[in-house]
Structures are given as C-alpha cells and as structure tokens.
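Novice: Structure file coords24.cif (mmCIF, C-alpha atoms) is given on the next line.
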data_work
loop_
_atom_site.label_atom_id
_atom_site.label_comp_id
_atom_site.auth_asym_id
_atom_site.auth_seq_id
_atom_site.Cartn_x
_atom_site.Cartn_y
_atom_site.Cartn_z
CA MET Q 227 17.36 -4.36 18.14
CA PRO Q 228 14.57 -6.97 18.41
CA LEU Q 229 11.06 -5.57 18.31
CA ASP Q 230 9.35 -5.62 21.72
CA VAL Q 231 6.06 -6.86 20.31
CA GLU Q 232 4.25 -7.20 23.63
CA SER Q 233 5.05 -3.60 24.55
CA LEU Q 234 3.96 -2.59 21.05
CA ARG Q 235 0.64 -4.43 21.39
CA SER Q 236 -0.20 -2.56 24.58
CA HIS Q 237 -0.71 0.59 22.50
CA PHE Q 238 -3.54 -0.97 20.43
CA PRO Q 239 -6.90 -0.87 22.25
CA ALA Q 240 -8.49 -3.06 19.56
CA LEU Q 241 -6.22 -5.99 20.40
CA SER Q 242 -7.92 -6.39 23.78
CA SER Q 243 -10.84 -7.95 21.86
CA GLY Q 244 -8.90 -11.20 21.65
CA ILE Q 245 -9.15 -11.34 17.86
CA ALA Q 246 -6.02 -12.58 16.11
CA HIS Q 247 -5.75 -10.21 13.16
CA PHE Q 248 -4.24 -11.51 9.93
CA ASP Q 249 -6.05 -8.92 7.80
CA GLY Q 250 -3.30 -6.27 7.80
CA PRO Q 251 -3.11 -6.05 3.97
CA GLY Q 252 -6.70 -4.81 4.07
CA GLY Q 253 -6.00 -2.34 6.87
CA THR Q 254 -4.14 -2.45 10.17
CA GLN Q 255 -5.38 -1.85 13.69
CA THR Q 256 -4.66 1.61 15.08
CA PRO Q 257 -2.63 2.65 18.13
CA GLY Q 258 -4.31 4.85 20.71
CA VAL Q 259 -2.05 7.83 20.01
CA VAL Q 260 -3.39 8.02 16.45
CA GLY Q 261 -6.99 8.17 17.63
CA GLN Q 262 -6.02 10.73 20.24
CA ALA Q 263 -4.29 12.93 17.67
CA ILE Q 264 -7.42 12.86 15.51
CA ALA Q 265 -9.65 13.74 18.46
CA ASP Q 266 -7.33 16.45 19.75
CA THR Q 267 -7.10 18.12 16.36
CA LEU Q 268 -10.82 17.92 15.72
CA THR Q 269 -11.75 19.35 19.12
CA SER Q 270 -9.07 22.04 19.29
CA PRO Q 271 -9.67 25.48 17.78
CA LEU Q 272 -9.76 24.75 14.06
CA SER Q 273 -10.61 26.73 10.95
CA ILE Q 274 -9.34 27.33 7.42
CA ARG Q 275 -5.53 27.50 7.22
CA GLY Q 276 -3.95 30.82 8.08
CA SER Q 277 -1.72 32.55 10.62
CA SER Q 278 -3.86 35.19 12.36
CA VAL Q 279 -5.42 33.15 15.20
CA ALA Q 280 -4.85 29.80 16.89
CA SER Q 281 -7.54 27.98 14.91
CA GLU Q 282 -5.91 28.96 11.61
CA ARG Q 283 -2.44 28.11 12.89
CA ASN Q 284 -3.61 24.70 14.10
CA ALA Q 285 -4.94 23.88 10.64
CA ASP Q 286 -1.74 25.04 8.97
CA ALA Q 287 0.40 23.05 11.40
CA ALA Q 288 -1.63 19.89 10.69
CA VAL Q 289 -1.04 20.23 6.95
CA LEU Q 290 2.66 21.05 7.16
CA GLY Q 291 3.25 18.37 9.78
CA PHE Q 292 1.56 15.78 7.59
CA ARG Q 293 3.61 16.69 4.54
CA GLN Q 294 6.88 16.53 6.45
CA ALA Q 295 6.00 13.25 8.18
CA MET Q 296 5.14 11.56 4.90
CA ALA Q 297 8.23 13.04 3.27
CA ASP Q 298 10.34 11.50 6.04
CA LEU Q 299 8.59 8.16 5.66
CA LEU Q 300 9.03 8.04 1.89
CA ASN Q 301 12.28 10.03 1.50
CA ALA Q 302 10.41 12.54 -0.63
CA ASP Q 303 10.06 16.32 -0.90
CA PRO Q 304 7.31 17.60 1.42
CA LEU Q 305 6.21 19.95 -1.37
CA GLY Q 306 5.49 16.87 -3.48
CA ILE Q 307 3.19 15.17 -0.95
CA VAL Q 308 -0.46 15.13 -2.09
CA TYR Q 309 -3.33 14.13 0.18
CA GLY Q 310 -6.17 12.03 -1.23
CA ARG Q 311 -9.24 10.18 0.02
CA SER Q 312 -7.65 6.86 -0.99
CA ALA Q 313 -4.97 5.41 -3.24
CA THR Q 314 -7.70 4.51 -5.70
CA ALA Q 315 -9.08 8.06 -5.76
CA LEU Q 316 -5.59 9.52 -6.22
CA THR Q 317 -4.80 7.12 -9.05
CA TYR Q 318 -8.03 7.96 -10.84
CA ASP Q 319 -7.24 11.67 -10.43
CA PHE Q 320 -3.71 11.32 -11.76
CA ALA Q 321 -4.80 9.04 -14.58
CA LYS Q 322 -7.03 11.90 -15.67
CA HIS Q 323 -4.24 14.48 -15.28
CA LEU Q 324 -1.59 12.41 -17.07
CA SER Q 325 -3.78 11.10 -19.88
CA ALA Q 326 -4.90 14.58 -20.89
CA GLY Q 327 -2.02 14.68 -23.34
CA TRP Q 328 -2.38 11.13 -24.66
CA GLY Q 329 -3.85 10.23 -28.00
CA PRO Q 330 -3.93 7.54 -30.70
CA GLY Q 331 -0.49 6.00 -31.06
CA ASP Q 332 0.42 6.49 -27.41
CA GLU Q 333 0.81 3.45 -25.18
CA VAL Q 334 0.63 2.57 -21.47
CA ILE Q 335 1.77 -0.59 -19.69
CA VAL Q 336 -0.05 -2.19 -16.76
CA THR Q 337 0.54 -5.50 -15.00
CA ARG Q 338 -1.52 -8.52 -14.08
CA LEU Q 339 0.15 -8.58 -10.66
CA ASP Q 340 -1.41 -5.31 -9.49
CA HIS Q 341 -4.41 -4.39 -7.39
CA ASP Q 342 -7.05 -3.12 -9.77
CA CYS Q 343 -6.59 0.44 -8.48
CA ASN Q 344 -3.34 0.54 -10.47
CA VAL Q 345 -4.87 -1.13 -13.52
CA ARG Q 346 -8.39 0.02 -14.30
CA PRO Q 347 -7.80 3.80 -14.03
CA TRP Q 348 -5.05 3.54 -16.66
CA VAL Q 349 -6.97 1.15 -18.91
CA GLN Q 350 -10.03 3.40 -18.83
CA ALA Q 351 -7.96 6.55 -19.38
CA ALA Q 352 -6.24 4.94 -22.37
CA GLU Q 353 -9.58 3.89 -23.84
CA ARG Q 354 -10.91 7.43 -23.54
CA GLN Q 355 -7.90 8.87 -25.29
CA GLY Q 356 -7.55 6.18 -27.95
CA ALA Q 357 -4.22 4.99 -26.55
CA VAL Q 358 -3.00 1.39 -26.55
CA VAL Q 359 -2.77 -0.72 -23.39
CA ARG Q 360 -0.02 -3.33 -23.13
CA TRP Q 361 0.12 -5.93 -20.38
CA MET Q 362 2.98 -7.32 -18.31
CA SER Q 363 2.19 -10.66 -16.67
CA PHE Q 364 3.79 -12.87 -14.02
CA ASP Q 365 4.68 -16.52 -13.69
CA PRO Q 366 1.99 -18.29 -11.63
CA GLN Q 367 4.53 -20.93 -10.60
CA THR Q 368 6.98 -18.45 -9.08
CA SER Q 369 4.75 -15.37 -8.55
CA GLU Q 370 7.53 -13.32 -10.20
CA LEU Q 371 6.83 -10.44 -12.58
CA ASP Q 372 8.07 -10.97 -16.13
CA LEU Q 373 10.68 -8.25 -16.73
CA ASP Q 374 11.44 -9.66 -20.18
CA GLY Q 375 7.82 -8.95 -20.98
CA LEU Q 376 8.34 -5.35 -19.91
CA ARG Q 377 11.40 -5.00 -22.13
CA ALA Q 378 9.39 -6.33 -25.05
CA ALA Q 379 6.44 -4.04 -24.36
CA LEU Q 380 8.41 -0.81 -23.94
CA ARG Q 381 8.79 1.36 -27.03
CA PRO Q 382 9.13 5.05 -27.89
CA ALA Q 383 5.34 5.41 -27.84
CA THR Q 384 5.12 4.30 -24.18
CA ARG Q 385 3.95 7.17 -22.00
CA LEU Q 386 3.58 5.43 -18.63
CA VAL Q 387 4.27 2.17 -16.82
CA ALA Q 388 2.07 1.35 -13.81
CA VAL Q 389 3.37 -1.34 -11.45
CA THR Q 390 3.06 -2.47 -7.86
CA ALA Q 391 5.99 -2.36 -5.45
CA ALA Q 392 4.42 -5.29 -3.59
CA SER Q 393 1.45 -7.44 -4.56
CA ASN Q 394 -1.38 -7.15 -2.05
CA LEU Q 395 -2.48 -10.66 -3.03
CA LEU Q 396 0.80 -12.59 -3.17
CA GLY Q 397 3.34 -10.36 -1.46
CA THR Q 398 5.66 -10.36 -4.50
CA MET Q 399 8.06 -7.39 -4.46
CA PRO Q 400 9.26 -6.68 -8.02
CA ASP Q 401 12.60 -4.98 -8.65
CA ILE Q 402 11.21 -1.45 -8.94
CA ALA Q 403 14.62 0.17 -9.42
CA ALA Q 404 15.28 -2.06 -12.44
CA ILE Q 405 11.80 -1.36 -13.80
CA ALA Q 406 12.37 2.37 -13.31
CA GLU Q 407 15.60 2.23 -15.28
CA LEU Q 408 13.96 0.42 -18.18
CA THR Q 409 10.97 2.76 -18.08
CA HIS Q 410 13.03 5.96 -18.02
CA ASP Q 411 15.36 4.70 -20.76
CA SER Q 412 12.28 4.47 -22.97
CA GLY Q 413 11.23 8.02 -22.06
CA ALA Q 414 8.15 6.98 -20.05
CA LEU Q 415 6.98 7.79 -16.54
CA LEU Q 416 6.67 5.24 -13.72
CA TYR Q 417 3.62 5.17 -11.44
CA VAL Q 418 4.12 2.86 -8.46
CA ASP Q 419 1.42 1.43 -6.21
CA GLY Q 420 3.19 1.28 -2.86
CA VAL Q 421 0.13 0.59 -0.71
CA HIS Q 422 1.20 -2.90 0.39
CA TYR Q 423 4.93 -2.14 0.13
CA ALA Q 424 4.87 0.82 2.52
CA ALA Q 425 3.41 -1.40 5.24
CA HIS Q 426 6.38 -3.78 5.10
CA ALA Q 427 9.45 -1.91 3.91
CA SER Q 428 11.44 1.25 4.42
CA VAL Q 429 10.39 3.32 1.41
CA ASP Q 430 12.84 5.46 -0.56
CA VAL Q 431 11.05 6.83 -3.59
CA GLN Q 432 14.27 8.36 -4.89
CA ALA Q 433 16.18 5.08 -4.76
CA LEU Q 434 13.22 3.25 -6.29
CA GLY Q 435 13.10 5.72 -9.16
CA ALA Q 436 9.32 6.14 -8.96
CA ASP Q 437 7.97 9.27 -10.64
CA PHE Q 438 4.72 8.82 -8.72
CA PHE Q 439 4.35 6.71 -5.58
CA VAL Q 440 0.99 6.19 -3.89
CA CYS Q 441 0.28 4.64 -0.50
CA SER Q 442 -2.41 4.41 2.18
CA PRO Q 443 -1.72 5.32 5.84
CA TYR Q 444 -4.40 2.94 7.11
CA LYS Q 445 -2.21 0.07 5.93
CA PHE Q 446 0.56 1.22 8.30
CA LEU Q 447 -1.30 2.01 11.53
CA GLY Q 448 -2.85 5.32 10.42
CA PRO Q 449 -6.28 6.64 9.43
CA HIS Q 450 -8.19 5.95 6.23
CA CYS Q 451 -6.74 8.16 3.49
CA GLY Q 452 -4.27 8.11 0.61
CA VAL Q 453 -0.96 9.85 -0.11
CA LEU Q 454 0.87 10.46 -3.37
CA ALA Q 455 4.52 11.50 -3.59
CA ALA Q 456 6.13 13.05 -6.66
CA ALA Q 457 8.78 15.64 -7.41
CA PRO Q 458 7.28 19.14 -7.16
CA ALA Q 459 8.78 20.02 -10.57
CA LEU Q 460 6.91 17.08 -12.13
CA LEU Q 461 3.67 18.11 -10.44
CA GLU Q 462 4.13 21.61 -11.86
CA THR Q 463 3.78 20.13 -15.37
CA LEU Q 464 0.28 18.81 -14.63
CA VAL Q 465 -2.76 21.07 -14.84
CA PRO Q 466 -5.76 19.67 -12.93
CA GLU Q 467 -9.29 20.91 -13.24
CA LYS Q 468 -10.09 23.01 -10.18
CA LEU Q 469 -12.15 25.91 -8.90
CA LEU Q 470 -11.09 29.29 -10.25
CA PRO Q 471 -10.38 30.94 -6.86
CA SER Q 472 -8.48 27.93 -5.45
CA THR Q 473 -4.71 28.12 -5.25
CA ASN Q 474 -2.55 27.09 -8.16
CA ALA Q 475 0.35 26.20 -5.85
CA VAL Q 476 1.79 22.69 -5.79
CA PRO Q 477 0.78 20.39 -4.14
CA GLU Q 478 -2.40 22.20 -3.01
CA ARG Q 479 -3.82 22.50 -6.51
CA PHE Q 480 -4.38 18.73 -6.56
CA GLU Q 481 -6.26 18.72 -3.24
CA LEU Q 482 -9.79 19.85 -3.97
CA GLY Q 483 -11.67 21.51 -1.13
CA THR Q 484 -10.78 21.92 2.53
CA LEU Q 485 -8.47 19.21 3.84
CA PRO Q 486 -9.51 16.96 6.76
CA TYR Q 487 -6.96 18.30 9.22
CA GLU Q 488 -7.74 15.63 11.78
CA MET Q 489 -6.85 12.86 9.32
CA LEU Q 490 -3.60 14.58 8.50
CA ALA Q 491 -2.75 14.80 12.20
CA GLY Q 492 -3.60 11.12 12.62
CA THR Q 493 -1.27 10.22 9.77
CA THR Q 494 1.55 12.21 11.35
CA ALA Q 495 0.92 10.43 14.66
CA ALA Q 496 1.13 7.03 12.94
CA VAL Q 497 4.48 7.96 11.39
CA ASP Q 498 5.76 9.21 14.75
CA PHE Q 499 4.54 6.04 16.49
CA THR Q 500 6.48 3.89 14.02
CA ALA Q 501 9.56 6.09 14.27
CA ALA Q 502 9.57 5.69 18.05
CA LEU Q 503 10.10 1.95 17.56
CA GLY Q 504 13.54 2.55 16.04
CA ASP Q 505 16.86 4.02 17.10
CA GLY Q 506 18.55 6.91 15.32
CA GLY Q 507 18.90 10.63 15.21
CA SER Q 508 16.44 12.03 12.67
CA ARG Q 509 12.89 10.79 12.23
CA ARG Q 510 13.93 9.36 8.86
CA GLU Q 511 16.73 7.36 10.50
CA GLN Q 512 14.39 6.14 13.23
CA LEU Q 513 11.88 5.00 10.62
CA GLN Q 514 14.55 3.07 8.72
CA ALA Q 515 15.64 1.32 11.92
CA ALA Q 516 12.04 0.59 12.90
CA HIS Q 517 11.24 -0.99 9.56
CA HIS Q 518 14.35 -3.15 9.81
CA ASP Q 519 13.22 -4.47 13.20
CA ILE Q 520 9.61 -4.90 12.06
CA GLY Q 521 10.78 -6.80 8.99
CA ALA Q 522 12.93 -9.14 11.09
CA HIS Q 523 10.01 -9.77 13.46
CA GLU Q 524 7.57 -10.56 10.66
CA ALA Q 525 10.14 -12.76 8.87
CA SER Q 526 10.67 -14.86 12.00
CA LEU Q 527 6.93 -15.47 12.35
CA LEU Q 528 6.55 -16.17 8.64
CA LYS Q 529 9.22 -18.87 8.85
CA ILE Q 530 7.28 -20.64 11.61
CA LEU Q 531 4.00 -20.36 9.71
CA GLU Q 532 5.45 -21.57 6.40
CA ALA Q 533 7.05 -24.58 8.11
CA ALA Q 534 3.68 -25.56 9.57
CA LEU Q 535 1.87 -25.07 6.26
CA ALA Q 536 4.43 -27.30 4.52
CA GLU Q 537 3.20 -30.13 6.78
CA MET Q 538 -0.38 -29.68 5.56
CA PRO Q 539 -0.70 -31.57 2.25
CA ALA Q 540 -4.10 -30.08 1.45
CA VAL Q 541 -2.70 -26.51 1.43
CA THR Q 542 -1.26 -24.79 -1.64
CA VAL Q 543 0.82 -21.69 -0.95
CA HIS Q 544 0.82 -19.43 -4.00
CA SER Q 545 3.20 -16.81 -2.57
CA ARG Q 546 6.55 -18.02 -3.91
CA ALA Q 547 8.55 -15.00 -5.03
CA ALA Q 548 12.16 -14.79 -3.87
CA VAL Q 549 11.58 -11.30 -2.45
CA ARG Q 550 8.18 -10.74 -0.87
CA THR Q 551 6.31 -9.36 2.10
CA SER Q 552 5.02 -11.41 5.02
CA THR Q 553 1.81 -12.17 3.12
CA LEU Q 554 0.62 -15.59 1.98
CA LEU Q 555 -2.17 -16.63 -0.39
CA LEU Q 556 -3.53 -20.10 0.33
CA THR Q 557 -5.96 -22.43 -1.38
CA PHE Q 558 -7.06 -25.92 -0.36
CA ALA Q 559 -7.39 -29.21 -2.19
CA ASP Q 560 -10.93 -30.10 -1.16
CA ARG Q 561 -12.25 -27.15 0.82
CA SER Q 562 -12.99 -23.55 -0.15
CA ALA Q 563 -11.05 -20.58 1.13
CA ALA Q 564 -14.34 -19.01 2.20
CA ASP Q 565 -15.11 -22.05 4.36
CA ALA Q 566 -11.68 -21.79 5.97
CA SER Q 567 -12.19 -18.10 6.65
CA ARG Q 568 -15.56 -18.73 8.30
CA PHE Q 569 -14.19 -21.57 10.38
CA LEU Q 570 -11.28 -19.47 11.63
CA ALA Q 571 -13.54 -16.50 12.33
CA GLY Q 572 -15.50 -18.77 14.67
CA ARG Q 573 -12.28 -18.98 16.69
CA ASP Q 574 -11.74 -15.21 16.61
CA ILE Q 575 -9.00 -15.56 13.99
CA LEU Q 576 -9.56 -13.04 11.20
CA VAL Q 577 -8.17 -14.28 7.88
CA PRO Q 578 -10.28 -13.03 4.95
CA ALA Q 579 -10.85 -14.91 1.70
CA SER Q 580 -11.26 -13.02 -1.59
CA ASN Q 581 -9.42 -11.85 -4.69
CA PHE Q 582 -8.83 -8.59 -2.76
CA TYR Q 583 -9.30 -6.48 -5.89
CA ALA Q 584 -6.26 -8.11 -7.49
CA ILE Q 585 -8.60 -9.67 -10.01
CA GLU Q 586 -6.05 -9.93 -12.83
CA ALA Q 587 -3.62 -11.79 -10.57
CA SER Q 588 -6.35 -14.07 -9.29
CA ASN Q 589 -7.30 -14.90 -12.87
CA VAL Q 590 -3.68 -15.72 -13.80
CA LEU Q 591 -3.60 -18.13 -10.86
CA GLY Q 592 -6.82 -19.73 -12.07
CA LEU Q 593 -8.72 -18.62 -8.96
CA GLY Q 594 -11.07 -16.13 -10.60
CA ASP Q 595 -13.42 -14.05 -8.48
CA THR Q 596 -13.11 -16.46 -5.55
CA GLY Q 597 -9.41 -15.90 -4.93
CA GLY Q 598 -7.95 -17.53 -1.84
CA LEU Q 599 -7.29 -17.20 1.88
CA ARG Q 600 -4.86 -14.32 2.48
CA VAL Q 601 -2.72 -14.42 5.61
CA GLY Q 602 -1.08 -11.08 6.35
CA LEU Q 603 1.31 -10.45 9.24
CA ALA Q 604 1.58 -7.03 10.87
CA PRO Q 605 3.97 -5.45 13.40
CA TYR Q 606 1.64 -6.38 16.27
CA THR Q 607 1.26 -10.04 15.22
CA ASN Q 608 2.80 -12.24 17.90
CA LEU Q 609 3.75 -15.89 18.25
CA ASP Q 610 0.51 -16.70 20.04
CA ASP Q 611 -1.46 -15.36 17.05
CA VAL Q 612 0.53 -17.56 14.67
CA ARG Q 613 0.10 -20.62 16.85
CA ARG Q 614 -3.66 -20.01 17.03
CA LEU Q 615 -3.78 -19.80 13.24
CA ILE Q 616 -1.82 -23.03 12.82
CA GLU Q 617 -4.04 -24.80 15.34
CA GLY Q 618 -7.13 -23.40 13.63
CA LEU Q 619 -6.08 -24.63 10.19
CA THR Q 620 -5.18 -28.03 11.64
CA ALA Q 621 -8.64 -28.27 13.21
CA PHE Q 622 -10.25 -27.14 9.94
CA PHE Q 623 -8.72 -30.13 8.14
CA GLY Q 624 -9.32 -32.47 11.07
#
Any chance you could put this one into structure tokens?
Specialist:
Amino acid sequence: MPLDVESLRSHFPALSSGIAHFDGPGGTQTPGVVGQAIADTLTSPLSIRGSSVASERNADAAVLGFRQAMADLLNADPLGIVYGRSATALTYDFAKHLSAGWGPGDEVIVTRLDHDCNVRPWVQAAERQGAVVRWMSFDPQTSELDLDGLRAALRPATRLVAVTAASNLLGTMPDIAAIAELTHDSGALLYVDGVHYAAHASVDVQALGADFFVCSPYKFLGPHCGVLAAAPALLETLVPEKLLPSTNAVPERFELGTLPYEMLAGTTAAVDFTAALGDGGSRREQLQAAHHDIGAHEASLLKILEAALAEMPAVTVHSRAAVRTSTLLLTFADRSAADASRFLAGRDILVPASNFYAIEASNVLGLGDTGGLRVGLAPYTNLDDVRRLIEGLTAFFG
C-alpha cells in the first residue's frame, strides 16, 4: 500500500527543524523509538553477557536480538552476523583475515564504481602480500559497470572480487547475482558493499550470492555502526587475531572487546520501525513489503525531480544507470557544486557536495576531488522537500 509519509515523518524529532534533508546517502535521520531503545538499554541494568541476573540477561538479549533483526533484514543466518564500528572498519578487518593466505601470483579485483572503503583495504592488503590488483571500471556515459571487464579480469588466480551493490555516488545498482555467478565459477569469493543498497532495497544475501555483505545501520534509520553478514561455515575458515581468553565461537571471535549493547538495541529498533511500515506475517515479510512501498514512494519523487532537472540546461545529471537508487549526482555548466550546496543550505536545504569517498568513480567522471552535488532521497522525503529543492536550484541559477 502507499507509504503514509506524513505519518512516518511524525516519528522523526529532527525533522521539526525545518531542514529538508537530501543527505541520506551520508546518513539518515533517526526515529524517536531508536533513540529511546538506546537510552533504555543504556540505563537499564546492564553488564557483561550472561544468564544469572537481569543485567547479564539484558546484555545477552540485546546481542541476540540484534543478530536476529539483521538476519531478518538481510535474509542471513543470525550466527553469521558480525558487529563492527563501521563498514570501513569491518572491511579492513576482513581484508586482513582473508589476505592472510594470499601471496605472489594471487589476484584480487576491485572496481572504480565503489566507495573507497571497498577498494583501499583490498589494494593495501594485496600490496602487503605481493598479490596483483585488477580493476573493473564503468562507462561514464551510462554509469554502468563493465561486466565484460570482469569476465576478462577473472582467472584461476583470482581470490576475491570486491564490488558495490549500489554506488553511493551515482546510485548505480550492478547485477550482483550475475557477478556472483561469474566470481564463483572462477573459484573466487565475493565481498559486497551493501551500505547504500540496504537503504533502498530489500536485501537477500542468499539470492545475491554474496559471500560477505557489509552494511551500515545509520544509513537506514539506525545508529552509527556496521554489520557484516556471511555464512557461519565460511566464517569458521577464518582465524582472526584475538585475545587468548576471548571466545573462539563464530561470530563472536570477530568482535573484539565488549559489544556496545545500546547500539545493538538501537539497530534492532530501526529494523522493527521499518518492518512496522509493511504488511505481512513474519518480520522478514513485513520488511519486504515496507521496502516495496518505500521504493515506490522514492521513485515517484525521483520522477518529479528528474523532470524538473531536465528543464535546467545548466545541470548535468551523471546518474544514468538503468537500475539505480533514488540518488542523483549533479554538476553545473558555470557554477561549482560547492556553491550550489552553500546556496541551498542558506535555505535550510541540505544537499552536500563532494566525491563522498568514491574517489575512483569521481576520477572516471572527470570530477576529481571536487565531485558533485549529491541529491539523496530517503523514506521521510516528501513532496514539499522536493519542491523546495527545485525552487532552490531555480533560484541558484536565476
């Protein structure tokens, strides 16, 4: 059913500021129930996980609830859900774990479409181990990833392919299932950056074929942290460095130190909040329905925005892929993206300008460090926000 966006917005205290937020790809606003879950967990009896007293049970419930919530969101095994400080931190950790067995003659493939968090950790790990890095690029005219380039780069020596499920700069959503098939046929593993994807799509890591899938709850209404999903059996093959007395159980052996139980509870609350937007029996079914409705809502607003931008001859829209998120990268014929961002901010319209850590993609587009103006829609974006943005851009050129 259609998303009741005004009812949805009433749950976000931050929206009362009057700011029109188009910065969702950098981090969404947070519903009150998420903040309340964090506060309630932090101020309730809380101690190291256990079962003897309420404080121990509260900690254990926060961890198990988090793992199950993220498993439902991603269609993954809760025993394969790993908490991390951020997607970048998790990727650096797993680059270290996975590259431990690499050496001269081994190869890894990264793309020029990705956020640097799914590029640099692998490049640096390969350099340490003497492995070869091969690159997959994209067409700057269409924003589409070059799958023929992947076919040409894959070989028996390939150990891992790292690719984004959705570009945080352009919104491009590559065919991950097809990439997974090619990758697995070559005997390699697939590491997928789903940070931007998970904010705009119903994720099914099994259908995607991702061996590792990383995302960030703060991009989909939750707190600032990262999550990695993998099959428990695959995690069992990796041996991280850890303290001697710490557990060797999966997934706990990848989570160094005491977990921030309040952040886990906040993540669970964000998943539950999203699930409540959709119909269905199980939480997984509710989440699928919610993402369908959110996607339809964002698509309707994107159509209005793109039509208006097409009437502005000074604007170049670089987001052109056939399948993409509700995210647009803009540049201007005679004005800088930074100037546009500052002008809009003066009207309480937040649209950042940068390369947003997708430096390789920005370079392919010829935009370098400067990048462009990134417009990102979120579930709470409404028609008034879009109209304000259109009016703001019109005034900027006026």
Novice: Would you pick out the contacts of range 419-422 of chain Q at 9 Å or less, using all atoms listed in the file, so that residues sharing its chain but fewer than 4 positions from it are not included, and give the list as a VMD selection string?
Specialist: chain Q and resid 251 to 252 313 317 340 to 341 343 to 344 388 to 394 397 426 429 438 to 443 445 to 446 452 551
Novice: I need the residue set behind the PyMOL selection byres ((chain Q and resi 322) around 12) for this file; please write it as a PyMOL selection string.
Specialist: chain Q and resi 315-321+323-328+347-355+464-467+480
Novice: Convert the output of the PyMOL selection byres ((chain Q and resi 402) around 9) on the shown file into explicit residues, formatted as a ChimeraX atom specification.
Specialist: /Q:389-391,399-401,403-407,418,434-436
Novice: Rank Q:Ala548, Q:Val543, Q:Ala536, Q:Val453 by their smallest atom-to-atom distance to Met489 in chain Q, using all atoms listed in the file, and report the top residue only.
Specialist: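 Selected residue with least distance to Met489 in chain Q: Q:Val453.
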Novice: Provide the CA of Leu272 in chain Q to CA of Ala302 in chain Q distance in Å, to one decimal place.
Specialist: 27.8 Å
Novice: If you apply the PyMOL selection byres ((chain Q and resi 360) around 9) to this file, what residues do you get, as a ChimeraX atom specification?
Specialist: /Q:333-337,358-359,361-362,379-380
Novice: Considering all atoms listed in the file, can you say which of Q:Ala287, Q:Ala475, Q:Leu299, Q:Ala534 comes closest to Glu511 in chain Q?
Specialist: Q:Leu299
Novice: Do you have the CA of Ser545 in chain Q-CA of Leu396 in chain Q distance handy?
Specialist: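 About the pair CA of Ser545 in chain Q and CA of Leu396 in chain Q: they are 4.9 Å apart.
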Novice: For the contact check between range 472-535 of chain Q and range 600-606 of chain Q, emit one row per residue of range 472-535 of chain Q within 9 Å, containing the shortest atom pair and the distance in Å rounded to one decimal, counting only C-alpha atoms, chain then rising number order, as CSV.
Specialist:
residue,atom,partner,partner_atom,distance
Q:Ile520,CA,Q:Pro605,CA,5.8
Q:Gly521,CA,Q:Pro605,CA,8.2
Q:His523,CA,Q:Pro605,CA,7.4
Q:Glu524,CA,Q:Leu603,CA,6.4
Q:Leu527,CA,Q:Leu603,CA,8.2
Q:Leu528,CA,Q:Leu603,CA,7.8
Novice: So the first atom is CA of Ala263 in chain Q and the second is CA of Gly291 in chain Q; what is the distance between them in Å, to one decimal place?
Specialist: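 Between these atoms lies a distance of 12.2 Å.
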Novice: Kindly write C-alpha atoms of range 569-617 of chain Q from the structure just given to a file, as a PDB file, in the first residue's frame.
Specialist:
ATOM      1  CA  PHE Q 569      23.282  28.412  -1.545  1.00  0.00           C
ATOM      2  CA  LEU Q 570      20.786  25.660  -0.767  1.00  0.00           C
ATOM      3  CA  ALA Q 571      21.999  25.380   2.828  1.00  0.00           C
ATOM      4  CA  GLY Q 572      21.095  29.049   3.229  1.00  0.00           C
ATOM      5  CA  ARG Q 573      17.519  27.954   2.544  1.00  0.00           C
ATOM      6  CA  ASP Q 574      17.720  25.056   5.013  1.00  0.00           C
ATOM      7  CA  ILE Q 575      18.034  22.529   2.188  1.00  0.00           C
ATOM      8  CA  LEU Q 576      20.867  20.111   2.933  1.00  0.00           C
ATOM      9  CA  VAL Q 577      22.450  18.759  -0.254  1.00  0.00           C
ATOM     10  CA  PRO Q 578      26.184  18.109   0.225  1.00  0.00           C
ATOM     11  CA  ALA Q 579      28.831  18.453  -2.472  1.00  0.00           C
ATOM     12  CA  SER Q 580      31.879  16.157  -2.508  1.00  0.00           C
ATOM     13  CA  ASN Q 581      33.315  12.999  -4.025  1.00  0.00           C
ATOM     14  CA  PHE Q 582      31.853  11.204  -0.964  1.00  0.00           C
ATOM     15  CA  TYR Q 583      34.841   8.864  -0.725  1.00  0.00           C
ATOM     16  CA  ALA Q 584      34.020   7.400  -4.138  1.00  0.00           C
ATOM     17  CA  ILE Q 585      37.226   8.934  -5.423  1.00  0.00           C
ATOM     18  CA  GLU Q 586      37.822   6.388  -8.186  1.00  0.00           C
ATOM     19  CA  ALA Q 587      34.340   6.976  -9.596  1.00  0.00           C
ATOM     20  CA  SER Q 588      34.737  10.731  -9.349  1.00  0.00           C
ATOM     21  CA  ASN Q 589      38.005  10.481 -11.266  1.00  0.00           C
ATOM     22  CA  VAL Q 590      36.410   8.376 -14.024  1.00  0.00           C
ATOM     23  CA  LEU Q 591      33.761  11.085 -14.396  1.00  0.00           C
ATOM     24  CA  GLY Q 592      36.491  13.717 -14.642  1.00  0.00           C
ATOM     25  CA  LEU Q 593      35.363  15.395 -11.412  1.00  0.00           C
ATOM     26  CA  GLY Q 594      38.400  14.582  -9.278  1.00  0.00           C
ATOM     27  CA  ASP Q 595      38.446  15.512  -5.608  1.00  0.00           C
ATOM     28  CA  THR Q 596      35.676  18.075  -6.092  1.00  0.00           C
ATOM     29  CA  GLY Q 597      32.990  15.602  -7.117  1.00  0.00           C
ATOM     30  CA  GLY Q 598      29.480  16.976  -7.491  1.00  0.00           C
ATOM     31  CA  LEU Q 599      26.217  17.793  -5.748  1.00  0.00           C
ATOM     32  CA  ARG Q 600      24.614  14.569  -4.490  1.00  0.00           C
ATOM     33  CA  VAL Q 601      20.847  14.508  -4.037  1.00  0.00           C
ATOM     34  CA  GLY Q 602      19.680  11.534  -1.997  1.00  0.00           C
ATOM     35  CA  LEU Q 603      16.045  10.731  -1.252  1.00  0.00           C
ATOM     36  CA  ALA Q 604      15.028   8.918   1.930  1.00  0.00           C
ATOM     37  CA  PRO Q 605      11.788   7.341   3.192  1.00  0.00           C
ATOM     38  CA  TYR Q 606      10.869  10.562   5.014  1.00  0.00           C
ATOM     39  CA  THR Q 607      11.464  12.830   1.998  1.00  0.00           C
ATOM     40  CA  ASN Q 608       8.152  14.382   0.968  1.00  0.00           C
ATOM     41  CA  LEU Q 609       6.846  16.347  -1.988  1.00  0.00           C
ATOM     42  CA  ASP Q 610       7.338  19.647  -0.177  1.00  0.00           C
ATOM     43  CA  ASP Q 611      11.050  18.826   0.274  1.00  0.00           C
ATOM     44  CA  VAL Q 612      11.405  18.103  -3.445  1.00  0.00           C
ATOM     45  CA  ARG Q 613       9.586  21.278  -4.423  1.00  0.00           C
ATOM     46  CA  ARG Q 614      11.829  23.314  -2.116  1.00  0.00           C
ATOM     47  CA  LEU Q 615      14.891  21.767  -3.760  1.00  0.00           C
ATOM     48  CA  ILE Q 616      13.605  22.517  -7.261  1.00  0.00           C
ATOM     49  CA  GLU Q 617      12.790  26.088  -6.277  1.00  0.00           C
TER      50      GLU Q 617
END
